[in-house]
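Colleague: If it helps, the file is called model.cif and holds mmCIF, C-alpha atoms:
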```
data_final
loop_
_atom_site.label_atom_id
_atom_site.label_comp_id
_atom_site.auth_asym_id
_atom_site.auth_seq_id
_atom_site.Cartn_x
_atom_site.Cartn_y
_atom_site.Cartn_z
CA MET T 1 14.46 7.31 3.67
CA ARG T 2 11.94 4.61 2.80
CA GLN T 3 9.78 5.05 -0.24
CA PHE T 4 6.74 3.16 -1.48
CA VAL T 5 5.38 3.45 -5.01
CA ILE T 6 1.87 2.04 -5.34
CA VAL T 7 0.50 1.59 -8.82
CA GLY T 8 -3.28 1.97 -9.15
CA HIS T 9 -4.03 1.28 -12.80
CA ASP T 10 -7.74 1.76 -12.67
CA ALA T 11 -7.90 4.35 -9.91
CA HIS T 12 -10.38 7.13 -10.50
CA ILE T 13 -8.73 10.46 -11.22
CA ASP T 14 -11.67 12.80 -11.04
CA ALA T 15 -12.41 14.33 -7.67
CA GLU T 16 -16.01 13.19 -7.79
CA PHE T 17 -15.59 9.65 -6.53
CA SER T 18 -17.83 8.64 -3.66
CA LEU T 19 -16.35 8.15 -0.20
CA GLU T 20 -19.19 5.69 0.36
CA ASP T 21 -17.87 3.35 -2.35
CA LEU T 22 -14.07 3.35 -2.26
CA PRO T 23 -13.71 -0.11 -3.86
CA GLY T 24 -15.79 1.21 -6.78
CA ALA T 25 -13.39 4.13 -7.29
CA GLY T 26 -10.71 1.84 -8.73
CA ARG T 27 -9.87 0.23 -5.40
CA MET T 28 -9.30 3.52 -3.61
CA ASP T 29 -9.82 1.55 -0.36
CA LEU T 30 -6.64 -0.40 -0.97
CA LEU T 31 -4.69 2.68 -2.02
CA ALA T 32 -5.79 4.45 1.17
CA ARG T 33 -4.67 1.50 3.30
CA CYS T 34 -1.30 1.51 1.53
CA VAL T 35 -0.88 5.15 2.55
CA THR T 36 -1.65 4.49 6.20
CA ALA T 37 0.33 1.23 6.36
CA SER T 38 3.37 3.02 5.00
CA LEU T 39 3.13 6.20 7.07
CA LEU T 40 1.53 5.47 10.43
CA LEU T 41 2.88 4.04 13.62
CA SER T 42 0.64 3.38 16.60
CA HIS T 43 1.11 6.87 17.98
CA GLY T 44 2.68 8.90 15.24
CA ILE T 45 3.90 9.27 11.71
CA ARG T 46 6.95 7.65 10.16
CA ASP T 47 8.63 10.87 9.12
CA ASP T 48 11.31 9.12 7.06
CA VAL T 49 8.75 7.79 4.58
CA ARG T 50 7.62 9.10 1.18
CA THR T 51 4.70 7.31 -0.47
CA TRP T 52 3.61 7.75 -4.08
CA LEU T 53 0.20 6.72 -5.40
CA VAL T 54 0.29 6.44 -9.19
CA LEU T 55 -3.28 6.93 -10.38
CA ALA T 56 -4.23 5.60 -13.84
CA ASP T 57 -0.69 6.43 -15.01
CA GLU T 58 -1.74 10.09 -15.37
CA PHE T 59 -1.53 11.65 -11.94
CA THR T 60 0.55 10.85 -8.87
CA VAL T 61 -0.18 11.84 -5.28
CA ARG T 62 2.89 12.06 -3.05
CA PHE T 63 2.68 11.79 0.74
CA GLU T 64 5.70 13.18 2.54
CA GLY T 65 5.95 11.83 6.10
CA ALA T 66 8.03 14.73 7.42
CA ALA T 67 5.44 17.31 6.33
CA LEU T 68 2.16 15.44 6.75
CA ARG T 69 -0.65 16.79 8.89
CA GLY T 70 -4.11 15.35 9.38
CA LEU T 71 -3.50 11.76 8.30
CA HIS T 72 -5.83 9.42 10.19
CA PRO T 73 -5.81 5.62 10.17
CA ASP T 74 -9.20 5.05 8.51
CA GLU T 75 -9.70 4.54 4.78
CA ARG T 76 -12.36 7.15 4.29
CA SER T 77 -10.46 10.18 5.61
CA THR T 78 -7.31 9.07 3.80
CA ALA T 79 -9.22 8.69 0.53
CA ALA T 80 -10.59 12.19 1.16
CA LEU T 81 -7.00 13.52 1.18
CA VAL T 82 -6.49 11.89 -2.24
CA ARG T 83 -9.77 13.33 -3.51
CA ASN T 84 -8.83 16.80 -2.23
CA ALA T 85 -5.54 16.52 -4.10
CA LEU T 86 -7.34 15.50 -7.31
CA ALA T 87 -9.61 18.52 -6.93
CA GLU T 88 -6.50 20.62 -7.66
CA ARG T 89 -5.63 18.72 -10.82
CA ASP T 90 -5.96 21.73 -13.10
CA GLU T 91 -3.17 23.41 -11.09
CA ALA T 92 -0.68 20.57 -11.58
CA ILE T 93 1.25 21.47 -14.70
CA GLY T 94 4.22 19.57 -16.09
CA HIS T 95 6.48 18.47 -13.28
CA VAL T 96 5.40 21.28 -10.96
CA PRO T 97 3.21 19.81 -8.24
CA VAL T 98 0.39 21.39 -6.35
CA GLU T 99 0.38 20.93 -2.58
CA ALA T 100 -3.25 20.25 -1.70
CA SER T 101 -2.71 19.83 2.05
CA PRO T 102 0.41 19.73 4.24
CA GLY T 103 2.63 16.95 2.91
CA VAL T 104 0.19 15.88 0.16
CA SER T 105 1.13 16.92 -3.37
CA LEU T 106 -0.35 16.13 -6.77
CA PHE T 107 1.84 15.69 -9.84
CA ARG T 108 0.73 15.39 -13.45
CA PHE T 109 2.81 12.38 -14.36
CA GLY T 110 2.60 8.59 -14.23
CA PHE T 111 4.66 5.56 -13.31
CA GLU T 112 7.85 6.18 -15.28
CA THR T 113 8.48 9.71 -14.02
CA THR T 114 7.48 8.73 -10.50
CA LEU T 115 9.99 5.92 -10.49
CA GLU T 116 12.67 8.21 -11.92
CA GLN T 117 12.08 10.71 -9.11
CA ALA T 118 11.91 8.06 -6.37
CA ALA T 119 15.03 6.30 -7.63
CA ALA T 120 16.98 9.57 -7.40
CA ASP T 121 16.78 9.18 -3.59
CA GLY T 122 17.04 5.43 -3.17
CA SER T 123 17.47 1.96 -4.55
CA VAL T 124 14.55 0.25 -6.20
CA CYS T 125 13.49 -3.02 -4.61
CA GLN T 126 10.78 -5.06 -6.24
CA LEU T 127 8.61 -7.33 -4.11
CA HIS T 128 8.10 -10.43 -6.23
CA GLU T 129 7.40 -14.10 -5.57
CA ASP T 130 10.51 -15.09 -7.54
CA GLY T 131 12.76 -12.78 -5.51
CA LYS T 132 15.34 -13.73 -2.93
CA PRO T 133 13.95 -14.36 0.58
CA ALA T 134 14.11 -11.11 2.53
CA SER T 135 15.69 -12.87 5.49
CA GLU T 136 18.74 -13.63 3.32
CA VAL T 137 19.15 -10.05 2.14
CA ASP T 138 20.60 -7.06 3.98
CA PRO T 139 17.99 -4.31 3.78
CA PRO T 140 19.22 -1.37 1.69
CA ASP T 141 19.57 2.03 3.36
CA ASP T 142 17.09 3.89 1.20
CA PRO T 143 14.73 1.35 -0.33
CA VAL T 144 12.11 2.22 -2.90
CA PHE T 145 9.47 -0.51 -2.84
CA VAL T 146 7.22 -0.86 -5.85
CA LEU T 147 3.82 -2.50 -5.44
CA SER T 148 0.72 -2.86 -7.53
CA ASN T 149 -2.73 -2.41 -6.05
CA HIS T 150 -4.48 -5.64 -6.97
CA GLN T 151 -3.40 -6.53 -10.47
CA THR T 152 -0.02 -7.45 -11.81
CA LEU T 153 1.93 -4.63 -13.39
CA ARG T 154 1.34 -3.97 -17.08
CA GLU T 155 4.03 -5.08 -19.51
CA GLU T 156 5.24 -1.53 -20.17
CA ASP T 157 5.49 -0.85 -16.43
CA VAL T 158 7.53 -4.01 -15.94
CA ALA T 159 9.98 -2.78 -18.60
CA VAL T 160 10.35 0.54 -16.78
CA LEU T 161 10.72 -1.20 -13.43
CA ASP T 162 13.36 -3.58 -14.82
CA SER T 163 15.46 -0.63 -15.93
CA TYR T 164 15.51 0.83 -12.39
CA ARG T 165 15.36 -2.31 -10.28
CA GLN T 166 18.40 -3.09 -8.13
CA GLN T 167 16.93 -5.90 -6.05
CA ARG T 168 14.07 -8.34 -6.16
CA ILE T 169 12.98 -9.89 -2.87
CA THR T 170 10.14 -11.99 -1.58
CA LEU T 171 8.69 -11.51 1.88
CA GLY T 172 7.25 -14.99 2.28
CA PRO T 173 5.43 -17.86 0.65
CA GLU T 174 1.97 -16.26 0.61
CA ARG T 175 0.69 -13.65 -1.82
CA LEU T 176 -0.34 -10.66 0.28
CA HIS T 177 -2.43 -7.60 -0.32
CA ALA T 178 -0.19 -4.59 -1.00
CA ASP T 179 -1.00 -2.90 2.32
CA HIS T 180 -0.17 -6.05 4.29
CA ALA T 181 3.09 -6.41 2.35
CA ILE T 182 3.98 -2.84 3.32
CA SER T 183 3.59 -3.68 7.03
CA VAL T 184 5.89 -6.67 6.61
CA ALA T 185 8.45 -4.68 4.60
CA HIS T 186 8.56 -2.03 7.33
CA ASN T 187 9.13 -4.73 9.93
CA TRP T 188 11.95 -6.17 7.83
CA LEU T 189 13.60 -2.74 7.87
CA ASP T 190 12.74 -1.96 11.51
CA THR T 191 14.46 -5.15 12.62
CA ARG T 192 17.40 -4.91 10.17
CA GLY T 193 16.39 -8.00 8.29
CA PHE T 194 14.37 -9.69 11.06
CA ALA T 195 17.59 -9.86 13.10
CA GLN T 196 18.32 -7.02 15.51
CA TYR T 197 15.93 -5.42 17.94
CA MET P 1 -5.05 -22.97 13.56
CA ARG P 2 -4.16 -19.32 14.10
CA GLN P 3 -6.41 -17.21 16.27
CA PHE P 4 -6.55 -13.47 16.88
CA VAL P 5 -8.43 -11.90 19.76
CA ILE P 6 -8.94 -8.15 19.29
CA VAL P 7 -10.17 -6.17 22.26
CA GLY P 8 -12.31 -3.13 21.42
CA HIS P 9 -13.13 -1.56 24.78
CA ASP P 10 -15.19 1.31 23.50
CA ALA P 11 -16.65 -0.35 20.40
CA HIS P 12 -20.28 0.43 19.77
CA ILE P 13 -22.55 -2.55 20.37
CA ASP P 14 -25.80 -1.29 18.98
CA ALA P 15 -26.44 -2.01 15.32
CA GLU P 16 -27.16 1.63 14.58
CA PHE P 17 -23.63 2.88 14.10
CA SER P 18 -22.96 4.78 10.91
CA LEU P 19 -20.86 3.20 8.16
CA GLU P 20 -19.93 6.79 7.23
CA ASP P 21 -18.13 7.30 10.55
CA LEU P 22 -16.40 4.09 11.57
CA PRO P 23 -13.77 5.82 13.77
CA GLY P 24 -16.68 7.40 15.69
CA ALA P 25 -18.20 3.97 16.37
CA GLY P 26 -15.47 3.12 18.88
CA ARG P 27 -12.76 2.67 16.25
CA MET P 28 -14.76 0.20 14.18
CA ASP P 29 -12.39 1.11 11.29
CA LEU P 30 -9.47 -0.47 13.12
CA LEU P 31 -11.49 -3.52 14.17
CA ALA P 32 -12.56 -4.03 10.54
CA ARG P 33 -8.94 -3.82 9.35
CA CYS P 34 -7.94 -6.36 11.99
CA VAL P 35 -10.51 -8.75 10.55
CA THR P 36 -9.26 -8.37 6.98
CA ALA P 37 -5.56 -8.40 7.95
CA SER P 38 -6.09 -11.65 9.83
CA LEU P 39 -8.28 -13.42 7.27
CA LEU P 40 -7.41 -12.26 3.76
CA LEU P 41 -4.68 -13.21 1.37
CA SER P 42 -4.28 -11.47 -1.97
CA HIS P 43 -6.61 -13.89 -3.72
CA GLY P 44 -8.38 -15.80 -1.02
CA ILE P 45 -9.17 -16.41 2.60
CA ARG P 46 -6.88 -17.90 5.23
CA ASP P 47 -9.12 -20.80 6.14
CA ASP P 48 -7.02 -21.83 9.16
CA VAL P 49 -7.79 -18.55 10.98
CA ARG P 50 -10.38 -17.71 13.62
CA THR P 51 -10.69 -14.06 14.64
CA TRP P 52 -12.59 -12.76 17.65
CA LEU P 53 -13.65 -9.13 18.09
CA VAL P 54 -14.47 -8.43 21.73
CA LEU P 55 -16.85 -5.47 21.75
CA ALA P 56 -17.16 -3.41 24.94
CA ASP P 57 -16.58 -6.62 26.95
CA GLU P 58 -20.23 -7.54 26.36
CA PHE P 59 -20.48 -9.12 22.93
CA THR P 60 -17.97 -10.97 20.78
CA VAL P 61 -18.10 -11.46 17.01
CA ARG P 62 -16.25 -14.52 15.77
CA PHE P 63 -15.03 -14.84 12.16
CA GLU P 64 -14.31 -18.41 11.12
CA GLY P 65 -12.03 -18.53 8.05
CA ALA P 66 -13.14 -21.97 6.93
CA ALA P 67 -16.79 -20.95 6.77
CA LEU P 68 -16.60 -17.28 5.76
CA ARG P 69 -18.40 -15.96 2.70
CA GLY P 70 -18.61 -12.38 1.46
CA LEU P 71 -15.62 -10.88 3.27
CA HIS P 72 -14.16 -8.04 1.20
CA PRO P 73 -10.96 -6.11 1.88
CA ASP P 74 -12.50 -2.69 2.56
CA GLU P 75 -13.38 -1.37 6.01
CA ARG P 76 -16.94 -0.39 5.25
CA SER P 77 -18.23 -3.76 4.04
CA THR P 78 -16.39 -5.55 6.85
CA ALA P 79 -17.87 -3.20 9.44
CA ALA P 80 -21.27 -3.94 7.87
CA LEU P 81 -20.75 -7.64 8.68
CA VAL P 82 -20.13 -6.66 12.31
CA ARG P 83 -23.19 -4.44 12.30
CA ASN P 84 -25.34 -7.21 10.82
CA ALA P 85 -24.15 -9.53 13.57
CA LEU P 86 -25.02 -6.96 16.24
CA ALA P 87 -28.49 -6.65 14.73
CA GLU P 88 -29.08 -10.22 15.96
CA ARG P 89 -27.98 -9.46 19.50
CA ASP P 90 -31.32 -10.34 21.06
CA GLU P 91 -30.91 -13.88 19.69
CA ALA P 92 -27.52 -14.46 21.35
CA ILE P 93 -28.30 -16.00 24.70
CA GLY P 94 -25.78 -17.31 27.20
CA HIS P 95 -22.98 -19.11 25.39
CA VAL P 96 -25.15 -20.04 22.40
CA PRO P 97 -24.13 -17.90 19.46
CA VAL P 98 -26.20 -16.65 16.59
CA GLU P 99 -24.71 -17.01 13.10
CA ALA P 100 -25.54 -13.77 11.35
CA SER P 101 -23.86 -14.64 8.03
CA PRO P 102 -21.73 -17.59 6.90
CA GLY P 103 -18.76 -17.81 9.25
CA VAL P 104 -19.75 -14.75 11.32
CA SER P 105 -21.25 -15.47 14.75
CA LEU P 106 -22.23 -13.26 17.65
CA PHE P 107 -21.75 -14.36 21.27
CA ARG P 108 -23.02 -12.67 24.38
CA PHE P 109 -19.80 -12.74 26.36
CA GLY P 110 -16.68 -10.63 26.79
CA PHE P 111 -12.92 -10.97 27.03
CA GLU P 112 -12.57 -13.64 29.71
CA THR P 113 -14.89 -16.21 28.11
CA THR P 114 -13.49 -15.44 24.65
CA LEU P 115 -9.98 -16.13 25.85
CA GLU P 116 -11.10 -19.31 27.59
CA GLN P 117 -12.67 -20.56 24.34
CA ALA P 118 -9.73 -19.52 22.17
CA ALA P 119 -7.18 -21.04 24.56
CA ALA P 120 -8.98 -24.38 24.35
CA ASP P 121 -7.67 -24.65 20.77
CA GLY P 122 -4.27 -23.05 21.07
CA SER P 123 -1.54 -21.39 23.08
CA VAL P 124 -1.90 -17.77 24.09
CA CYS P 125 0.83 -15.48 22.81
CA GLN P 126 0.84 -11.87 23.91
CA LEU P 127 2.38 -9.24 21.66
CA HIS P 128 4.16 -6.88 24.02
CA GLU P 129 7.11 -4.51 23.81
CA ASP P 130 8.81 -6.29 26.72
CA GLY P 131 8.46 -9.70 25.07
CA LYS P 132 11.18 -11.84 23.55
CA PRO P 133 12.09 -10.91 19.95
CA ALA P 134 9.99 -13.05 17.60
CA SER P 135 13.06 -13.97 15.56
CA GLU P 136 14.45 -15.78 18.62
CA VAL P 137 11.29 -17.77 19.25
CA ASP P 138 9.95 -20.83 17.43
CA PRO P 139 6.40 -20.01 16.42
CA PRO P 140 3.88 -22.21 18.25
CA ASP P 141 1.64 -24.51 16.22
CA ASP P 142 -1.69 -23.03 17.22
CA PRO P 143 -1.06 -19.48 18.41
CA VAL P 144 -3.72 -17.28 19.93
CA PHE P 145 -2.60 -13.66 19.57
CA VAL P 146 -4.20 -11.08 21.81
CA LEU P 147 -4.24 -7.46 20.71
CA SER P 148 -5.96 -4.29 21.85
CA ASN P 149 -7.48 -1.87 19.38
CA HIS P 150 -5.81 1.40 20.29
CA GLN P 151 -5.59 1.55 24.05
CA THR P 152 -3.68 -0.62 26.44
CA LEU P 153 -5.62 -3.44 28.04
CA ARG P 154 -7.50 -2.67 31.23
CA GLU P 155 -6.06 -3.96 34.48
CA GLU P 156 -8.68 -6.69 34.86
CA ASP P 157 -8.06 -7.87 31.28
CA VAL P 158 -4.32 -8.05 31.94
CA ALA P 159 -4.99 -10.31 34.94
CA VAL P 160 -7.10 -12.62 32.78
CA LEU P 161 -4.50 -12.60 30.02
CA ASP P 162 -1.71 -13.37 32.49
CA SER P 163 -3.56 -16.47 33.64
CA TYR P 164 -3.75 -17.85 30.09
CA ARG P 165 -0.55 -16.46 28.57
CA GLN P 166 2.10 -18.98 27.55
CA GLN P 167 4.40 -16.66 25.63
CA ARG P 168 5.13 -12.98 25.33
CA ILE P 169 6.88 -11.82 22.18
CA THR P 170 7.75 -8.56 20.49
CA LEU P 171 7.67 -8.17 16.72
CA GLY P 172 10.07 -5.26 16.52
CA PRO P 173 11.18 -1.97 18.01
CA GLU P 174 8.25 0.14 16.78
CA ARG P 175 4.76 0.27 18.26
CA LEU P 176 2.40 -0.74 15.49
CA HIS P 177 -1.32 -0.45 14.92
CA ALA P 178 -3.02 -3.75 15.73
CA ASP P 179 -3.86 -4.49 12.07
CA HIS P 180 -0.25 -3.91 10.99
CA ALA P 181 0.98 -6.15 13.82
CA ILE P 182 -1.35 -8.89 12.56
CA SER P 183 0.25 -8.74 9.09
CA VAL P 184 3.69 -9.08 10.66
CA ALA P 185 2.59 -11.92 12.96
CA HIS P 186 1.21 -13.83 9.97
CA ASN P 187 4.49 -13.36 8.14
CA TRP P 188 6.38 -14.64 11.16
CA LEU P 189 4.26 -17.81 11.04
CA ASP P 190 4.25 -18.09 7.23
CA THR P 191 8.05 -18.08 7.21
CA ARG P 192 8.45 -20.26 10.33
CA GLY P 193 10.09 -17.53 12.33
CA PHE P 194 11.39 -15.44 9.41
CA ALA P 195 13.56 -18.38 8.43
CA GLN P 196 12.23 -20.86 5.90
CA TYR P 197 10.45 -20.06 2.65
#
```
Take the structure from the file and write it as structure tokens.
Modeller:
Amino acid sequence: MRQFVIVGHDAHIDAEFSLEDLPGAGRMDLLARCVTASLLLSHGIRDDVRTWLVLADEFTVRFEGAALRGLHPDERSTAALVRNALAERDEAIGHVPVEASPGVSLFRFGFETTLEQAAADGSVCQLHEDGKPASEVDPPDDPVFVLSNHQTLREEDVAVLDSYRQQRITLGPERLHADHAISVAHNWLDTRGFAQY
Amino acid sequence: MRQFVIVGHDAHIDAEFSLEDLPGAGRMDLLARCVTASLLLSHGIRDDVRTWLVLADEFTVRFEGAALRGLHPDERSTAALVRNALAERDEAIGHVPVEASPGVSLFRFGFETTLEQAAADGSVCQLHEDGKPASEVDPPDDPVFVLSNHQTLREEDVAVLDSYRQQRITLGPERLHADHAISVAHNWLDTRGFAQY
């Protein structure tokens, strides 16, 4: 399984945000593109993918590829799935999630618990400019990639990440938007380290 | 220079399409994401990129990285740039473009003339599942990538492409959305064939 944890520090967590202004909802546009980049192929869903959006370190929306229905490639409809999940926030208690739509669940916890849960099923791989070039690394079987939406991680998140991190790789010399990095990371895995296909 | 030619067969070419329903405007959502995937880095613009959106084989919008202003990562504002260009369509006559905003020009021609113009500054590289694996190919200096939005190219477009095509490569075993393929193609070039960085 491939997992992606996307940290949205300033993401809006009320279900009132406007679908006409996704950038203004704490960069919900970028979070939506991370969901689609991680889960969609040209004609289908990557059913071996689980994607976590950590919103303002308070709530987390989990997308489960194997169970997803109704995910479309555009930002607006994907952001609507997030908003629908947030509309159920009063039902998410402790670590018990609420499933707002097939494959889309809302949890009342933030980055640390998300990473703990993701790491239980895989090995945490940080994408970082100081990491080892991906082409020199054998892709792990069950990677958990951690990305931040458009800011660097906060100091306390870095400490948490350091305690779980098993690898640190870089995908190339350019700093990419998180959604573009996800496409490249998938390709790295699809081709077994840019080698076999 | 890197160029991307994106073919949107059924893209709407009147300037009345709704920014609230980009998929309904002939997959304008995907075309917008192709623009941002080709032109944006995390904190800046790729100024060595020229991206062409061929709309319904009648009009073409060209984005020139070196001259662009006001390109944001979200679909809606990018689609608005396309719409603003289409609003000037009566001013685009013959091969003389109209510049609707800095770096964004509208031409009254379709796929064949676009490819002719793009090929004048580079070598045409088709992304195709039957192509040679990218990892076995040295990236060309001035590639012109040709992609289709969500359908395969029409027969007449394939004939045109065949007459200009110098390479045919595949990026991996999975069929990707055009915008995701653009992110991977950039990474292939950024890392000189997934090798050096």
Colleague: Residues proximal to (2.3, 7.8, 7.3) were defined as those with any atom within 12 Å of that point in the file's coordinates, counting only C-alpha atoms. Which are they, as an MDAnalysis selection string?
Modeller: (chainID T and resid 2:4 32:52 62:74 78 103:104 182:183 186) or (chainID P and resid 176:177)
Colleague: Give as a ChimeraX atom specification the residues that the PyMOL selection byres ((chain T and resi 20) around 9) matches when applied to the coordinates above.
Modeller: /T:17-19,21-22,76 /P:19-20,76
Colleague: Would you write out, as a VMD selection string, every residue that the PyMOL selection byres ((chain P and resi 61) around 12) captures in this file?
Modeller: chain P and resid 4 to 8 11 13 31 to 32 35 50 to 60 62 to 64 78 to 79 81 to 89 92 97 to 101 103 to 111 114
Colleague: For Pro173 in chain P, which of P:Asp130, P:His9, P:Val146, P:Ala25 is the closest residue, counting only C-alpha atoms?
Modeller: P:Asp130
Colleague: Work out how far CA of Asp14 in chain T is from CA of Pro102 in chain T, in Å to one decimal.
Modeller: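 Going from CA of Pro102 in chain T over to CA of Asp14 in chain T covers 20.7 Å.
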Colleague: Kindly indicate which residue among T:Tyr164, T:Leu30, T:Gln117, T:Val124 lies nearest to Glu75 in chain T, using only C-alpha atoms for the distances.
Modeller: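 Looking only at the distances to Glu75 in chain T, the closest residue turns out to be T:Leu30.
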Colleague: Which value, in Å to one decimal, gives the distance between CA of Arg168 in chain P and CA of Glu136 in chain T?
Modeller: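 Taking CA of Arg168 in chain P as the start and CA of Glu136 in chain T as the end point, the length is 25.9 Å.
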Colleague: Which one of T:Glu174, T:Asp142, T:Asp179, T:Asp190 sits closest to Met1 in chain T if you count only C-alpha atoms?
Modeller: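 That would be T:Asp142, the residue with the smallest distance to Met1 in chain T.
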Colleague: Could you check how far CA of Val96 in chain T sits from CA of Asp10 in chain T, in Å to one decimal?
Modeller: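 A separation of 23.6 Å between them.
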Colleague: Residues near range 165-167 of chain P, anyone? I mean within 7 Å using all atoms listed in the file, not counting same-chain ones fewer than 6 positions away, as number ranges by chain.
Modeller: P: 123-126
Colleague: When you count only C-alpha atoms, which of these residues is closest to chain T: P:Arg154, P:Gly24, P:Pro140, P:Thr113?
Modeller: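 Counting only C-alpha atoms, the residue closest to chain T is P:Gly24.
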Colleague: My list of candidates is T:Gly193, T:Gly122, T:Pro139, T:Gly94. Which is closest to chain P when distances are computed with only C-alpha atoms?
Modeller: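 Between T:Gly193, T:Gly122, T:Pro139, T:Gly94, the residue approaching chain P most closely is T:Gly193.
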Colleague: I need the output of the PyMOL selection byres ((chain T and resi 194) around 10) for this file as a list of chain:residue names; which residues are they?
Modeller: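 Here the PyMOL selection byres ((chain T and resi 194) around 10) matches T:Ala134, T:Ser135, T:Glu136, T:Asp138, T:Pro139, T:Asn187, T:Trp188, T:Leu189, T:Asp190, T:Thr191, T:Arg192, T:Gly193, T:Ala195, T:Gln196, T:Tyr197, P:Pro133, P:Ala134, P:Ser135, P:Glu136, P:Leu171, P:Gly172, P:Trp188, P:Gly193, P:Phe194, P:Ala195.
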Colleague: Can you patch up range 29-43 of chain P, filling it in to N, CA, C and O atoms, and show the result as a compact mmCIF listing (two decimals), keeping the file's coordinate frame?
Modeller:
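This is the output file rebuild_18.txt:
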```txt
# COMPACT_ATOMS: atom_id res chain seq x y z
N ASP P 29 -13.30 1.19 12.46
CA ASP P 29 -12.39 1.11 11.29
C ASP P 29 -11.22 0.17 11.59
O ASP P 29 -10.86 -0.69 10.79
N LEU P 30 -10.63 0.34 12.76
CA LEU P 30 -9.47 -0.47 13.12
C LEU P 30 -9.88 -1.93 13.32
O LEU P 30 -9.18 -2.85 12.88
N LEU P 31 -11.02 -2.14 13.97
CA LEU P 31 -11.49 -3.52 14.17
C LEU P 31 -11.73 -4.20 12.82
O LEU P 31 -11.37 -5.36 12.62
N ALA P 32 -12.32 -3.46 11.88
CA ALA P 32 -12.56 -4.03 10.54
C ALA P 32 -11.24 -4.39 9.87
O ALA P 32 -11.10 -5.46 9.25
N ARG P 33 -10.24 -3.52 9.98
CA ARG P 33 -8.94 -3.82 9.35
C ARG P 33 -8.27 -5.01 10.03
O ARG P 33 -7.55 -5.77 9.38
N CYS P 34 -8.49 -5.18 11.32
CA CYS P 34 -7.94 -6.36 11.99
C CYS P 34 -8.56 -7.64 11.43
O CYS P 34 -7.88 -8.66 11.27
N VAL P 35 -9.84 -7.58 11.13
CA VAL P 35 -10.51 -8.75 10.55
C VAL P 35 -9.90 -9.08 9.19
O VAL P 35 -9.53 -10.23 8.92
N THR P 36 -9.76 -8.09 8.33
CA THR P 36 -9.26 -8.37 6.98
C THR P 36 -7.77 -8.72 7.01
O THR P 36 -7.34 -9.61 6.28
N ALA P 37 -7.00 -8.06 7.87
CA ALA P 37 -5.56 -8.40 7.95
C ALA P 37 -5.37 -9.84 8.43
O ALA P 37 -4.44 -10.53 8.02
N SER P 38 -6.25 -10.29 9.30
CA SER P 38 -6.09 -11.65 9.83
C SER P 38 -6.60 -12.71 8.85
O SER P 38 -6.07 -13.82 8.82
N LEU P 39 -7.58 -12.38 8.04
CA LEU P 39 -8.28 -13.42 7.27
C LEU P 39 -8.02 -13.42 5.77
O LEU P 39 -8.29 -14.42 5.10
N LEU P 40 -7.51 -12.32 5.22
CA LEU P 40 -7.41 -12.26 3.76
C LEU P 40 -5.99 -12.41 3.25
O LEU P 40 -5.05 -11.80 3.77
N LEU P 41 -5.86 -13.21 2.21
CA LEU P 41 -4.68 -13.21 1.37
C LEU P 41 -5.04 -12.43 0.10
O LEU P 41 -6.18 -12.02 -0.09
N SER P 42 -4.04 -12.26 -0.77
CA SER P 42 -4.28 -11.47 -1.97
C SER P 42 -5.45 -12.03 -2.78
O SER P 42 -6.28 -11.27 -3.28
N HIS P 43 -5.51 -13.33 -2.92
CA HIS P 43 -6.61 -13.89 -3.72
C HIS P 43 -7.30 -15.02 -2.96
O HIS P 43 -7.46 -16.11 -3.48
```
